[in-house]
$ cat input36.txt   # compact mmCIF, C-alpha atoms
# COMPACT_ATOMS: atom_id res chain seq x y z
CA MET G 1 108.79 34.82 -127.52
CA THR G 2 110.30 37.87 -129.26
CA THR G 3 110.21 41.11 -127.27
CA LEU G 4 111.05 44.59 -128.52
CA CYS G 5 111.16 48.03 -126.90
CA PRO G 6 110.51 51.62 -128.02
CA TYR G 7 114.20 52.16 -128.65
CA CYS G 8 114.23 49.47 -131.32
CA PHE G 9 112.72 52.10 -133.60
CA SER G 10 113.71 55.65 -134.55
CA ASP G 11 110.20 56.80 -135.52
CA LYS G 12 109.20 59.09 -132.65
CA SER G 13 105.46 58.53 -132.92
CA LEU G 14 105.87 54.75 -132.87
CA ARG G 15 108.14 55.12 -129.86
CA ARG G 16 105.47 57.10 -128.02
CA ARG G 17 102.82 54.51 -128.88
CA LEU G 18 105.02 51.75 -127.50
CA GLN G 19 105.83 53.75 -124.36
CA GLU G 20 102.09 54.07 -123.76
CA ILE G 21 101.46 50.32 -123.90
CA ARG G 22 104.66 49.12 -122.20
CA PRO G 23 103.26 49.48 -118.64
CA ASN G 24 100.74 46.77 -119.54
CA TYR G 25 103.48 44.13 -119.52
CA PRO G 26 105.79 42.84 -116.75
CA ARG G 27 108.99 44.82 -116.38
CA THR G 28 110.83 41.54 -115.98
CA GLU G 29 110.43 40.91 -119.71
CA LYS G 30 113.52 42.38 -121.35
CA CYS G 31 113.98 43.59 -124.90
CA ASP G 32 115.85 41.10 -127.09
CA HIS G 33 117.92 43.91 -128.60
CA HIS G 34 118.30 46.18 -125.53
CA PRO G 35 118.71 43.84 -122.53
CA ASN G 36 118.69 46.74 -120.07
CA ARG G 37 115.22 47.87 -121.15
CA SER G 38 111.82 46.37 -120.52
CA GLY G 39 110.33 44.73 -123.58
CA ILE G 40 106.92 44.37 -125.21
CA PRO G 41 105.78 41.11 -126.84
CA ILE G 42 105.98 41.40 -130.62
CA GLU G 43 102.39 40.14 -130.79
CA ALA G 44 101.34 43.48 -129.26
CA ILE G 45 103.48 45.51 -131.68
CA SER G 46 102.52 43.89 -134.98
CA PRO G 47 98.92 45.27 -134.94
CA LEU G 48 100.37 48.80 -134.81
CA ILE G 49 102.49 48.03 -137.87
CA ASP G 50 99.60 46.38 -139.69
CA ALA G 51 97.39 49.45 -139.11
CA VAL G 52 99.70 51.66 -141.21
CA ILE G 53 100.35 49.11 -143.98
CA SER G 54 97.31 46.99 -144.87
CA PRO G 55 94.82 49.91 -145.36
CA TYR G 56 97.23 51.84 -147.59
CA TYR G 57 99.09 49.28 -149.72
CA HIS G 58 98.20 46.69 -152.31
CA PHE G 59 100.13 44.24 -154.49
CA GLY G 60 102.04 45.91 -157.30
CA GLU G 61 101.03 45.06 -160.86
CA SER G 62 103.29 42.85 -162.95
CA ASN G 63 104.25 43.07 -166.61
CA SER G 64 106.47 41.01 -168.85
CA TYR G 65 109.02 43.78 -169.35
CA SER G 66 109.91 45.13 -165.92
CA GLY G 67 108.38 42.55 -163.60
CA GLN G 68 106.34 43.54 -160.57
CA GLU G 69 106.30 47.18 -159.49
CA GLY G 70 106.50 48.27 -155.87
CA GLU G 71 108.53 47.86 -152.70
CA SER G 72 109.33 44.87 -150.56
CA LEU G 73 107.89 44.44 -147.08
CA GLU G 74 111.41 44.83 -145.71
CA ASP G 75 111.81 48.28 -147.28
CA ILE G 76 108.31 49.45 -146.31
CA ILE G 77 108.65 48.42 -142.67
CA CYS G 78 112.16 49.82 -142.42
CA ASP G 79 111.05 53.21 -143.85
CA LEU G 80 107.91 53.43 -141.71
CA THR G 81 109.36 52.35 -138.38
CA GLY G 82 113.01 53.28 -138.58
CA ALA G 83 113.84 49.82 -137.24
CA GLU G 84 117.31 49.73 -135.71
CA THR G 85 118.45 46.44 -137.33
CA ASP G 86 117.48 44.07 -140.12
CA ASP G 87 116.74 41.43 -137.49
CA ILE G 88 113.96 43.60 -136.04
CA VAL G 89 112.42 43.99 -139.51
CA ARG G 90 112.70 40.23 -140.02
CA ASP G 91 110.94 39.54 -136.71
CA LEU G 92 108.10 41.92 -137.59
CA ILE G 93 107.56 40.36 -141.03
CA ASP G 94 107.42 36.87 -139.50
CA GLN G 95 104.82 38.07 -136.99
CA LEU G 96 102.71 39.84 -139.63
CA VAL G 97 102.70 36.71 -141.77
CA GLU G 98 101.71 34.61 -138.77
CA ASP G 99 98.92 37.04 -137.75
CA ASP G 100 97.44 37.34 -141.28
CA PRO G 101 93.82 36.15 -140.94
CA ALA G 102 93.58 34.89 -144.53
CA ASP G 103 93.56 31.10 -144.79
CA PRO G 104 94.79 29.71 -148.15
CA ARG G 105 92.93 26.47 -147.37
CA ASP G 106 89.69 28.44 -147.78
CA GLY G 107 90.85 30.00 -151.02
CA ASP G 108 91.90 33.27 -149.35
CA GLU G 109 95.04 35.08 -150.45
CA PRO G 110 97.17 36.34 -147.54
CA PHE G 111 98.04 40.02 -147.67
CA TYR G 112 101.50 39.56 -146.16
CA GLN G 113 103.68 37.56 -148.56
CA GLU G 114 107.44 37.78 -148.66
CA ASP G 115 107.64 37.26 -152.41
CA GLN G 116 105.27 40.15 -153.18
CA LEU G 117 106.01 43.82 -153.86
CA TYR G 118 103.60 46.50 -152.62
CA VAL G 119 102.41 49.87 -153.93
CA ARG G 120 100.90 52.57 -151.76
CA HIS G 121 97.41 53.79 -152.65
CA ASP G 122 95.26 56.56 -151.18
CA SER G 123 91.56 55.96 -150.70
CA LEU G 124 89.32 58.10 -152.88
CA TYR G 125 86.79 58.33 -150.06
CA ASN G 126 87.11 61.38 -147.84
CA PRO G 127 84.53 61.91 -145.06
CA HIS G 128 85.07 65.68 -145.27
CA SER G 129 84.00 65.67 -148.92
CA GLU G 130 80.86 63.76 -148.02
CA ALA G 131 80.14 66.17 -145.14
CA TRP G 132 80.64 69.16 -147.47
CA GLU G 133 78.22 67.86 -150.11
CA LYS G 134 75.58 67.13 -147.47
CA PHE G 135 76.16 70.55 -145.89
CA LYS G 136 75.63 72.33 -149.22
CA SER G 137 72.39 70.47 -149.83
CA GLU G 138 71.16 71.07 -146.28
CA ILE G 139 71.93 74.79 -146.17
CA THR G 140 70.73 75.50 -149.72
CA TYR G 141 67.55 73.49 -150.01
CA ASN G 142 66.41 72.25 -146.59
CA GLN G 143 67.08 74.51 -143.61
CA ARG G 144 68.78 77.85 -144.13
CA PHE G 145 68.90 79.13 -140.54
CA PHE G 146 69.63 77.63 -137.11
CA SER G 147 70.58 74.24 -138.55
CA ASP G 148 72.43 72.18 -135.95
CA LEU G 149 73.00 69.54 -138.61
CA ALA G 150 74.75 71.99 -140.94
CA ARG G 151 76.79 73.41 -138.09
CA GLY G 152 77.85 69.91 -137.08
CA ARG G 153 79.08 69.14 -140.58
CA LEU G 154 81.22 72.28 -140.61
CA GLN G 155 82.60 71.43 -137.17
CA GLN G 156 83.64 68.07 -138.61
CA ILE G 157 85.34 69.65 -141.62
CA PHE G 158 87.23 72.41 -139.78
CA HIS G 159 87.96 70.58 -136.50
CA ASP G 160 91.42 71.51 -135.16
CA ILE G 161 92.40 73.17 -138.44
CA HIS G 162 94.74 75.50 -136.53
CA PHE G 163 97.10 72.53 -136.01
CA GLN G 164 97.68 72.17 -139.74
CA LYS G 165 101.06 73.22 -141.18
CA ASP G 166 102.66 72.86 -144.58
CA ARG G 167 105.93 71.05 -145.18
CA ALA G 168 107.90 74.24 -144.46
CA GLY G 169 106.28 74.38 -141.02
CA LYS G 170 104.07 77.38 -141.85
CA PRO G 171 100.66 77.24 -140.10
CA VAL G 172 97.44 77.78 -142.03
CA VAL G 173 96.02 79.86 -139.16
CA TYR G 174 98.12 82.76 -137.92
CA LYS G 175 98.09 86.47 -137.05
CA LEU G 176 98.81 89.38 -139.35
CA SER G 177 99.60 92.73 -137.75
CA ALA G 178 100.70 96.25 -138.62
CA ASP G 179 104.29 95.13 -138.06
CA ASP G 180 104.03 92.88 -141.14
CA GLN G 181 103.67 96.03 -143.25
CA ILE G 182 101.44 94.42 -145.83
CA SER G 183 99.43 96.29 -148.46
CA ILE G 184 95.90 95.25 -149.36
CA PHE G 185 94.66 96.73 -152.63
CA ARG G 186 91.03 97.49 -153.35
CA ALA G 187 89.68 99.20 -156.46
CA ARG G 188 86.55 99.94 -158.47
CA GLN G 189 85.83 100.47 -162.13
CA VAL G 190 84.63 104.07 -162.37
CA ASN G 191 84.23 105.63 -165.80
CA ASN G 192 82.42 108.74 -164.56
CA GLN G 193 84.76 111.65 -163.85
CA SER G 194 82.72 113.11 -160.97
CA GLU G 195 82.52 109.70 -159.26
CA ARG G 196 86.28 109.27 -159.60
CA GLU G 197 86.83 112.62 -157.93
CA LYS G 198 84.62 111.61 -155.00
CA ILE G 199 86.68 108.44 -154.45
CA ILE G 200 89.96 110.30 -154.71
CA ALA G 201 88.72 112.86 -152.18
CA SER G 202 87.50 110.21 -149.69
CA PRO G 203 88.96 106.75 -150.38
CA ALA G 204 88.16 105.44 -146.90
CA SER G 205 84.42 105.97 -147.27
CA LYS G 206 84.15 105.18 -150.98
CA LEU G 207 86.39 102.10 -151.12
CA GLY G 208 85.76 100.80 -147.61
CA SER G 209 82.89 98.60 -146.48
CA PRO G 210 79.66 100.48 -147.30
CA PRO G 211 76.93 101.26 -144.75
CA LYS G 212 74.82 98.33 -143.57
CA ARG G 213 71.85 98.88 -145.87
CA SER G 214 74.09 99.21 -148.93
CA ARG G 215 76.13 96.02 -148.53
CA SER G 216 75.41 93.64 -151.37
CA ALA G 217 75.86 89.87 -151.22
CA GLY G 218 79.20 88.41 -152.25
CA ARG G 219 80.81 85.02 -152.46
CA MET G 220 81.81 85.22 -148.79
CA ASN G 221 79.15 87.48 -147.25
CA ALA G 222 75.39 87.76 -147.15
CA ALA G 223 73.69 91.06 -148.00
CA GLY G 224 74.05 93.57 -145.16
CA VAL G 225 77.05 91.78 -143.59
CA ALA G 226 80.36 93.65 -143.54
CA ALA G 227 83.12 92.17 -145.71
CA PHE G 228 86.20 93.73 -147.26
CA TYR G 229 87.53 92.04 -150.40
CA GLY G 230 91.06 92.92 -151.41
CA ALA G 231 94.23 91.60 -153.03
CA PHE G 232 97.86 91.64 -152.00
CA ASP G 233 99.06 93.24 -155.25
CA LEU G 234 97.62 95.73 -157.72
CA GLU G 235 97.68 93.39 -160.74
CA THR G 236 95.53 90.82 -158.94
CA CYS G 237 93.20 93.52 -157.66
CA ILE G 238 92.54 94.83 -161.17
CA ALA G 239 92.19 91.32 -162.61
CA GLU G 240 89.52 90.46 -160.03
CA ILE G 241 87.40 93.41 -161.18
CA ARG G 242 87.45 92.01 -164.73
CA PRO G 243 87.31 95.46 -166.37
CA ALA G 244 86.73 96.07 -170.06
CA VAL G 245 89.43 97.54 -172.29
CA GLY G 246 89.29 101.32 -171.98
CA ALA G 247 87.77 101.26 -168.49
CA THR G 248 89.17 103.45 -165.73
CA ILE G 249 90.15 101.95 -162.38
CA VAL G 250 90.32 103.90 -159.12
CA GLY G 251 91.84 102.22 -156.10
CA ALA G 252 94.03 102.53 -153.05
CA ALA G 253 96.31 100.52 -150.80
CA PHE G 254 95.16 99.71 -147.26
CA GLU G 255 97.18 98.72 -144.20
CA LEU G 256 96.40 96.90 -140.98
CA ILE G 257 96.13 99.01 -137.85
CA ARG G 258 95.54 96.09 -135.48
CA PRO G 259 96.21 92.34 -135.53
CA VAL G 260 93.83 90.01 -137.35
CA VAL G 261 93.65 86.22 -137.27
CA VAL G 262 93.68 84.72 -140.76
CA LEU G 263 92.92 81.33 -142.26
CA ASP G 264 95.33 81.10 -145.18
CA LEU G 265 93.83 78.69 -147.72
CA THR G 266 96.71 79.24 -150.16
CA ARG G 267 99.01 77.18 -147.94
CA PHE G 268 96.99 74.07 -148.70
CA ALA G 269 98.53 74.16 -152.18
CA ASN G 270 101.80 73.06 -150.56
CA PRO G 271 102.58 69.53 -149.33
CA ILE G 272 101.43 68.81 -145.80
CA GLN G 273 103.89 68.81 -142.91
CA VAL G 274 105.71 65.49 -142.71
CA ARG G 275 104.13 63.39 -139.97
CA SER G 276 104.71 59.81 -138.90
CA ARG G 277 102.09 57.33 -140.03
CA PHE G 278 102.05 56.10 -136.45
CA SER G 279 100.84 59.48 -135.20
CA PRO G 280 97.30 59.16 -133.80
CA VAL G 281 96.29 62.22 -135.87
CA TYR G 282 98.01 61.20 -139.11
CA GLU G 283 94.88 60.05 -140.93
CA ALA G 284 92.68 62.90 -139.67
CA ARG G 285 95.22 65.58 -140.65
CA SER G 286 95.87 63.97 -144.05
CA LEU G 287 92.17 63.68 -144.90
CA GLN G 288 91.50 67.26 -143.86
CA TRP G 289 94.45 68.54 -145.88
CA GLY G 290 93.33 66.61 -148.97
CA PHE G 291 89.79 67.92 -148.68
CA MET G 292 90.91 71.52 -148.17
CA GLN G 293 92.88 71.40 -151.40
CA SER G 294 89.64 70.82 -153.33
CA PHE G 295 87.65 73.14 -151.05
CA VAL G 296 90.01 76.02 -151.90
CA PHE G 297 89.08 75.69 -155.56
CA GLU G 298 85.38 75.88 -154.78
CA ILE G 299 85.80 78.97 -152.59
CA SER G 300 88.04 80.82 -155.04
CA LYS G 301 86.33 80.00 -158.34
CA PRO G 302 85.18 83.14 -160.19
CA ILE G 303 81.62 84.39 -159.96
CA LEU G 304 80.01 84.19 -163.40
CA PRO G 305 77.31 86.57 -164.67
CA ASP G 306 74.65 83.84 -164.69
CA ASP G 307 75.38 82.68 -161.14
CA VAL G 308 72.33 82.95 -158.90
CA ILE G 309 72.07 83.81 -155.23
CA LEU G 310 71.75 80.10 -154.35
CA ASP G 311 75.34 79.61 -155.56
CA TYR G 312 76.53 81.99 -152.83
CA ILE G 313 74.78 80.36 -149.89
CA PRO G 314 77.25 77.57 -148.94
CA SER G 315 80.34 79.81 -149.05
CA GLN G 316 78.47 82.60 -147.22
CA ALA G 317 77.49 80.16 -144.47
CA VAL G 318 81.06 78.85 -144.24
CA SER G 319 82.40 82.39 -143.87
CA GLU G 320 79.95 83.18 -141.10
CA PHE G 321 80.80 79.91 -139.37
CA ILE G 322 84.53 80.60 -139.61
CA HIS G 323 84.15 84.13 -138.26
CA LYS G 324 81.42 83.65 -135.64
CA VAL G 325 81.59 80.02 -134.48
CA LEU G 326 84.90 78.32 -135.23
CA GLN G 327 87.35 78.47 -132.34
CA VAL G 328 91.03 78.39 -133.29
CA LYS G 329 94.11 78.55 -131.15
CA VAL G 330 96.78 81.13 -132.01
CA ASP G 331 99.71 81.91 -129.71
CA GLY G 332 98.10 79.75 -127.05
CA GLN G 333 94.80 81.65 -127.02
CA LEU G 334 91.39 80.65 -128.37
CA CYS G 335 89.94 83.15 -130.83
CA THR G 336 87.83 83.41 -133.97
CA VAL G 337 89.01 84.03 -137.53
CA ASP G 338 88.93 87.61 -138.84
CA ALA G 339 89.91 86.95 -142.45
CA VAL G 340 90.42 84.30 -145.11
CA ILE G 341 93.23 84.37 -147.67
CA PHE G 342 92.52 82.50 -150.90
CA PRO G 343 94.08 82.17 -154.35
CA SER G 344 92.97 84.40 -157.20
CA ALA G 345 91.07 82.70 -160.01
CA GLN G 346 91.69 85.69 -162.31
CA HIS G 347 95.42 86.08 -161.67
CA PRO G 348 97.01 82.68 -160.87
CA GLU G 349 100.07 84.15 -159.19
CA GLY G 350 97.98 86.40 -156.93
CA LYS G 351 96.29 86.06 -153.55
CA ASN G 352 93.07 87.62 -152.30
CA ILE G 353 91.86 88.33 -148.79
CA VAL G 354 88.39 88.87 -147.39
CA LEU G 355 88.01 90.38 -143.91
CA PHE G 356 84.87 89.99 -141.82
CA GLY G 357 83.03 91.96 -139.15
CA ASP G 358 84.90 94.80 -137.51
CA ALA G 359 88.09 93.71 -139.28
CA ALA G 360 86.41 94.68 -142.57
CA LEU G 361 85.91 98.29 -141.48
CA VAL G 362 88.19 101.10 -142.59
CA SER G 363 89.16 103.82 -140.14
CA GLY G 364 87.60 107.14 -141.15
CA SER G 365 84.70 105.60 -143.08
CA PRO G 366 81.03 106.00 -142.06
CA SER G 367 80.81 102.30 -141.21
CA ALA G 368 83.67 102.67 -138.72
CA ASP G 369 81.56 105.19 -136.77
CA ASP G 370 78.39 103.10 -136.88
CA PRO G 371 77.92 100.71 -133.92
CA GLN G 372 78.06 97.15 -135.29
CA SER G 373 76.50 95.05 -132.52
CA PHE G 374 75.19 95.16 -128.99
CA GLU G 375 75.72 93.09 -125.88
CA LEU G 376 73.73 92.36 -122.74
CA VAL G 377 75.04 94.28 -119.74
CA ASP G 378 73.21 92.19 -117.14
CA ASP G 379 72.55 88.60 -118.22
CA GLU G 380 69.82 88.24 -115.57
CA THR G 381 67.40 90.26 -117.69
CA GLU G 382 66.68 90.90 -121.33
CA LEU G 383 65.14 94.35 -121.01
CA TRP G 384 66.21 96.70 -123.77
CA ASP G 385 67.48 99.16 -121.17
CA ASP G 386 70.14 96.61 -120.21
CA TRP G 387 71.68 96.38 -123.66
CA LYS G 388 74.51 98.57 -124.88
CA TRP G 389 76.01 99.07 -128.30
CA GLU G 390 79.65 98.10 -128.87
CA ASP G 391 81.92 100.55 -130.63
CA PRO G 392 83.44 99.25 -133.89
CA ASP G 393 87.10 98.21 -133.94
CA PRO G 394 88.35 98.83 -137.50
CA ALA G 395 91.36 96.85 -138.67
CA LEU G 396 92.13 98.83 -141.82
CA ALA G 397 93.27 102.31 -142.81
CA VAL G 398 94.05 103.86 -146.19
CA LYS G 399 97.78 104.18 -146.79
CA THR G 400 98.90 107.77 -147.19
CA ASP G 401 99.22 108.91 -150.82
CA SER G 402 98.23 105.46 -152.12
CA VAL G 403 95.19 106.46 -154.19
CA LEU G 404 95.70 105.47 -157.84
CA VAL G 405 93.93 105.83 -161.16
CA ARG G 406 94.58 103.38 -164.03
CA ARG G 407 93.28 103.06 -167.59
CA VAL G 408 92.93 99.47 -168.88
CA ASN G 409 94.82 99.13 -172.16
CA SER G 410 94.43 95.40 -172.80
CA VAL G 411 93.05 92.20 -171.32
CA SER G 412 94.46 88.69 -171.78
CA PHE G 413 92.70 85.35 -171.45
CA SER G 414 93.73 81.71 -171.22
CA HIS G 415 91.45 78.90 -172.31
CA HIS G 416 91.22 75.17 -172.91
CA GLU G 417 89.20 72.94 -175.20
CA ILE G 418 86.09 71.15 -173.96
CA ILE G 419 85.23 67.99 -175.89
CA TYR G 420 81.63 66.83 -175.69
CA ASP G 421 80.88 63.14 -176.01
CA ALA G 422 77.75 61.57 -177.49
CA GLY G 423 76.20 61.23 -174.05
CA GLY G 424 76.32 64.96 -173.44
CA HIS G 425 79.10 64.74 -170.85
CA ASP G 426 82.08 67.02 -171.06
CA ASP G 427 85.70 66.36 -170.15
CA ASP G 428 88.16 69.13 -169.35
CA PHE G 429 91.64 69.03 -170.78

$ encode --input "input36.txt" --output "structure tokens"
Amino acid sequence: MTTLCPYCFSDKSLRRRLQEIRPNYPRTEKCDHHPNRSGIPIEAISPLIDAVISPYYHFGESNSYSGQEGESLEDIICDLTGAETDDIVRDLIDQLVEDDPADPRDGDEPFYQEDQLYVRHDSLYNPHSEAWEKFKSEITYNQRFFSDLARGRLQQIFHDIHFQKDRAGKPVVYKLSADDQISIFRARQVNNQSEREKIIASPASKLGSPPKRSRSAGRMNAAGVAAFYGAFDLETCIAEIRPAVGATIVGAAFELIRPVVVLDLTRFANPIQVRSRFSPVYEARSLQWGFMQSFVFEISKPILPDDVILDYIPSQAVSEFIHKVLQVKVDGQLCTVDAVIFPSAQHPEGKNIVLFGDAALVSGSPSADDPQSFELVDDETELWDDWKWEDPDPALAVKTDSVLVRRVNSVSFSHHEIIYDAGGHDDDF
């Protein structure tokens, strides 16, 4: 009987998996390749190898010119496991062939064949995509408020998202603070001279989040809910307004005056952090990353003039969930998300940010002086006398001497052809 040990492989996740199961076997059984170490029967190791190969690979296609495409089992197993020697790879292949449940006598074709080449494929099914579609239908057409079902679907989609990192090791959830010295630009199209003068005189109140009763619905906020939409550069800020040629823009740069926790959706455009296929979270992290790449497009797509309020509801609910319900861990502490960074649909090189709740308030504006919420002082009673209002905690301030006025001289557009087929379906090119 062949026995192997964790140190037969260089893949760290596989090593950990083998270290977890090794206590289940007698310590008297020694590894065939490391006689001083306790071994594990290869029959117990091959299912771990099979679990990262058979669901993700299929036979490569053959053609008369170049033969069969793909990789050999030897190369796949060596790359996945970091097997120390060719003999270890050979032992694993023999065991996988022996364990293959397909019986040629019944007309079945075994998956593990030494004369075959294999190509990796990724399943088109993603449970997060299914949960998102069901969530949108539930929140839009069935039950708008207090839906445990809708909340559960969002919990599934965003579960442990703070653990996600891109290939450069940058997390998608992190803190921004005043020390980062970022500028967030916000502007309005104002063609009336007197209105421009009012903004220039008081940019905090005129460009900040308006009073509660004046807050209109947006892609990421319901009517009445505080949200601050901005961009990280002036060009993106102006592009997002979509002004007409000849229009006048009045804006300002804002800075952070306290830390905010952000969910940075732009980082999902990068490849995911390299992770072993033997990691117990490999599939979950990969599926979530793949879904978020398509989710980012839906969140950042431009609002068109004929969009109706129903189009806002899913993204508004997601924003409220992210800010009020979702618990993320940053610097070892559980907290909620204050802001979302997302790519600009109007300026492809640019990034936008939307801040929620107190983080959306600008110091010196009327909203920053208006109590935002109240809390129960004594949880043993619910008498109104036992409630107190909480003072707002603004996260933004207008940068000194940053007010600007711009006249739009020209506007550029990019476009692509849409070809309609006879069935009335359209394909984008």

$ closest_residue --input "input36.txt" --among "G:Leu355, G:Ile42, G:Val274, G:Met1" --to "Asp99 of chain G" --atoms "all atoms listed in the file"
G:Ile42

$ residues_around --input "input36.txt" --residues "Ser183 of chain G" --least-positions-apart "5" --cutoff "7 Å" --atoms "all atoms listed in the file" --output "NGL selection string"
:G and (232 or 253-255)

$ atom_distance --input "input36.txt" --atom1 "atom CA of Arg167 of chain G" --atom2 "atom CA of Ser10 of chain G"
20.3 Å

$ residues_near_point --input "input36.txt" --point "(93.5, 97.0, -174.4)" --cutoff "6 Å" --atoms "all atoms listed in the file" --output "mmCIF file with C-alpha atoms, in the coordinates of the input"
data_model
loop_
_atom_site.group_PDB
_atom_site.id
_atom_site.type_symbol
_atom_site.label_atom_id
_atom_site.label_comp_id
_atom_site.auth_asym_id
_atom_site.auth_seq_id
_atom_site.Cartn_x
_atom_site.Cartn_y
_atom_site.Cartn_z
ATOM 1 C CA VAL G 245 89.430 97.540 -172.290
ATOM 2 C CA ASN G 409 94.820 99.130 -172.160
ATOM 3 C CA SER G 410 94.430 95.400 -172.800
ATOM 4 C CA VAL G 411 93.050 92.200 -171.320
#

$ atom_distance --input "input36.txt" --atom1 "atom CA of Ile257 of chain G" --atom2 "atom CA of Ala395 of chain G"
5.3 Å

$ residues_around --input "input36.txt" --residues "Ile157 of chain G" --least-positions-apart "5" --cutoff "8 Å" --atoms "only C-alpha atoms" --output "list in words"
His128, Ala131, Trp132 and Gln288 of chain G

$ closest_residue --input "input36.txt" --among "G:Ala269, G:Val173, G:Val354, G:Ile88" --to "Ser209 of chain G" --atoms "all atoms listed in the file"
G:Val354

$ atom_distance --input "input36.txt" --atom1 "atom CA of Leu149 of chain G" --atom2 "atom CA of Asp338 of chain G"
24.1 Å

$ closest_residue --input "input36.txt" --among "G:Arg406, G:Lys324, G:Arg285, G:His347" --to "Ile249 of chain G" --atoms "all atoms listed in the file"
G:Arg406

$ closest_residue --input "input36.txt" --among "G:Ala345, G:Leu4, G:Ile53, G:Leu265" --to "Lys301 of chain G" --atoms "all atoms listed in the file"
G:Ala345

$ residues_around --input "input36.txt" --residues "Gly60 of chain G" --least-positions-apart "4" --cutoff "6 Å" --atoms "all atoms listed in the file" --output "PyMOL selection string"
chain G and resi 68-70+117-119

$ closest_residue --input "input36.txt" --among "G:Asn126, G:Gln95, G:Asn270, G:Asn192" --to "Ala168 of chain G" --atoms "only C-alpha atoms"
G:Asn270

$ closest_residue --input "input36.txt" --among "G:Ile45, G:Leu396, G:Ala83, G:Leu73" --to "Lys12 of chain G" --atoms "all atoms listed in the file"
G:Ala83

$ residues_around --input "input36.txt" --residues "Ile272 of chain G" --least-positions-apart "3" --cutoff "9 Å" --atoms "only C-alpha atoms" --output "PDB file with C-alpha atoms, in the coordinates of the input"
ATOM      1  CA  GLN G 164      97.680  72.170-139.740  1.00  0.00           C
ATOM      2  CA  LYS G 165     101.060  73.220-141.180  1.00  0.00           C
ATOM      3  CA  ASP G 166     102.660  72.860-144.580  1.00  0.00           C
ATOM      4  CA  ARG G 167     105.930  71.050-145.180  1.00  0.00           C
ATOM      5  CA  ALA G 168     107.900  74.240-144.460  1.00  0.00           C
ATOM      6  CA  GLY G 169     106.280  74.380-141.020  1.00  0.00           C
ATOM      7  CA  ARG G 267      99.010  77.180-147.940  1.00  0.00           C
ATOM      8  CA  PHE G 268      96.990  74.070-148.700  1.00  0.00           C
ATOM      9  CA  ALA G 269      98.530  74.160-152.180  1.00  0.00           C
ATOM     10  CA  ARG G 275     104.130  63.390-139.970  1.00  0.00           C
ATOM     11  CA  ARG G 285      95.220  65.580-140.650  1.00  0.00           C
ATOM     12  CA  SER G 286      95.870  63.970-144.050  1.00  0.00           C
ATOM     13  CA  TRP G 289      94.450  68.540-145.880  1.00  0.00           C
ATOM     14  CA  GLY G 290      93.330  66.610-148.970  1.00  0.00           C
TER      15      GLY G 290
END

$ residues_around --input "input36.txt" --residues "Asp331 of chain G" --least-positions-apart "6" --cutoff "12 Å" --atoms "all atoms listed in the file" --output "list in words"
His162, Phe163, Pro171, Val173, Tyr174, Lys175 and Val261 of chain G

$ residues_near_point --input "input36.txt" --point "(106.7, 42.7, -147.2)" --cutoff "6 Å" --atoms "all atoms listed in the file" --output "CSV table (one decimal) with C-alpha atoms, keeping the file's coordinate frame"
chain,number,residue,atom,x,y,z
G,72,SER,CA,109.3,44.9,-150.6
G,73,LEU,CA,107.9,44.4,-147.1
G,74,GLU,CA,111.4,44.8,-145.7
G,114,GLU,CA,107.4,37.8,-148.7

$ build_atoms --input "input36.txt" --residues "segment 245-254 of chain G" --atoms "N, CA and C atoms" --output "PDB file, keeping the file's coordinate frame"
ATOM      1  N   VAL G 245      88.375  96.701-171.725  1.00  0.00           N
ATOM      2  CA  VAL G 245      89.430  97.540-172.290  1.00  0.00           C
ATOM      3  C   VAL G 245      88.904  98.967-172.425  1.00  0.00           C
ATOM      4  N   GLY G 246      89.694  99.930-171.956  1.00  0.00           N
ATOM      5  CA  GLY G 246      89.290 101.320-171.980  1.00  0.00           C
ATOM      6  C   GLY G 246      88.679 101.810-170.683  1.00  0.00           C
ATOM      7  N   ALA G 247      88.379 100.874-169.769  1.00  0.00           N
ATOM      8  CA  ALA G 247      87.770 101.260-168.490  1.00  0.00           C
ATOM      9  C   ALA G 247      88.811 101.952-167.607  1.00  0.00           C
ATOM     10  N   THR G 248      88.310 102.756-166.677  1.00  0.00           N
ATOM     11  CA  THR G 248      89.170 103.450-165.730  1.00  0.00           C
ATOM     12  C   THR G 248      88.997 102.843-164.349  1.00  0.00           C
ATOM     13  N   ILE G 249      90.127 102.567-163.705  1.00  0.00           N
ATOM     14  CA  ILE G 249      90.150 101.950-162.380  1.00  0.00           C
ATOM     15  C   ILE G 249      90.617 102.968-161.355  1.00  0.00           C
ATOM     16  N   VAL G 250      89.897 103.063-160.247  1.00  0.00           N
ATOM     17  CA  VAL G 250      90.320 103.900-159.120  1.00  0.00           C
ATOM     18  C   VAL G 250      90.475 102.999-157.909  1.00  0.00           C
ATOM     19  N   GLY G 251      91.613 103.084-157.256  1.00  0.00           N
ATOM     20  CA  GLY G 251      91.840 102.220-156.100  1.00  0.00           C
ATOM     21  C   GLY G 251      92.784 102.850-155.107  1.00  0.00           C
ATOM     22  N   ALA G 252      93.114 102.067-154.098  1.00  0.00           N
ATOM     23  CA  ALA G 252      94.030 102.530-153.050  1.00  0.00           C
ATOM     24  C   ALA G 252      94.613 101.321-152.337  1.00  0.00           C
ATOM     25  N   ALA G 253      95.691 101.547-151.630  1.00  0.00           N
ATOM     26  CA  ALA G 253      96.310 100.520-150.800  1.00  0.00           C
ATOM     27  C   ALA G 253      95.887 100.744-149.348  1.00  0.00           C
ATOM     28  N   PHE G 254      95.573  99.658-148.661  1.00  0.00           N
ATOM     29  CA  PHE G 254      95.160  99.710-147.260  1.00  0.00           C
ATOM     30  C   PHE G 254      96.183  98.965-146.409  1.00  0.00           C
TER      31      PHE G 254
END
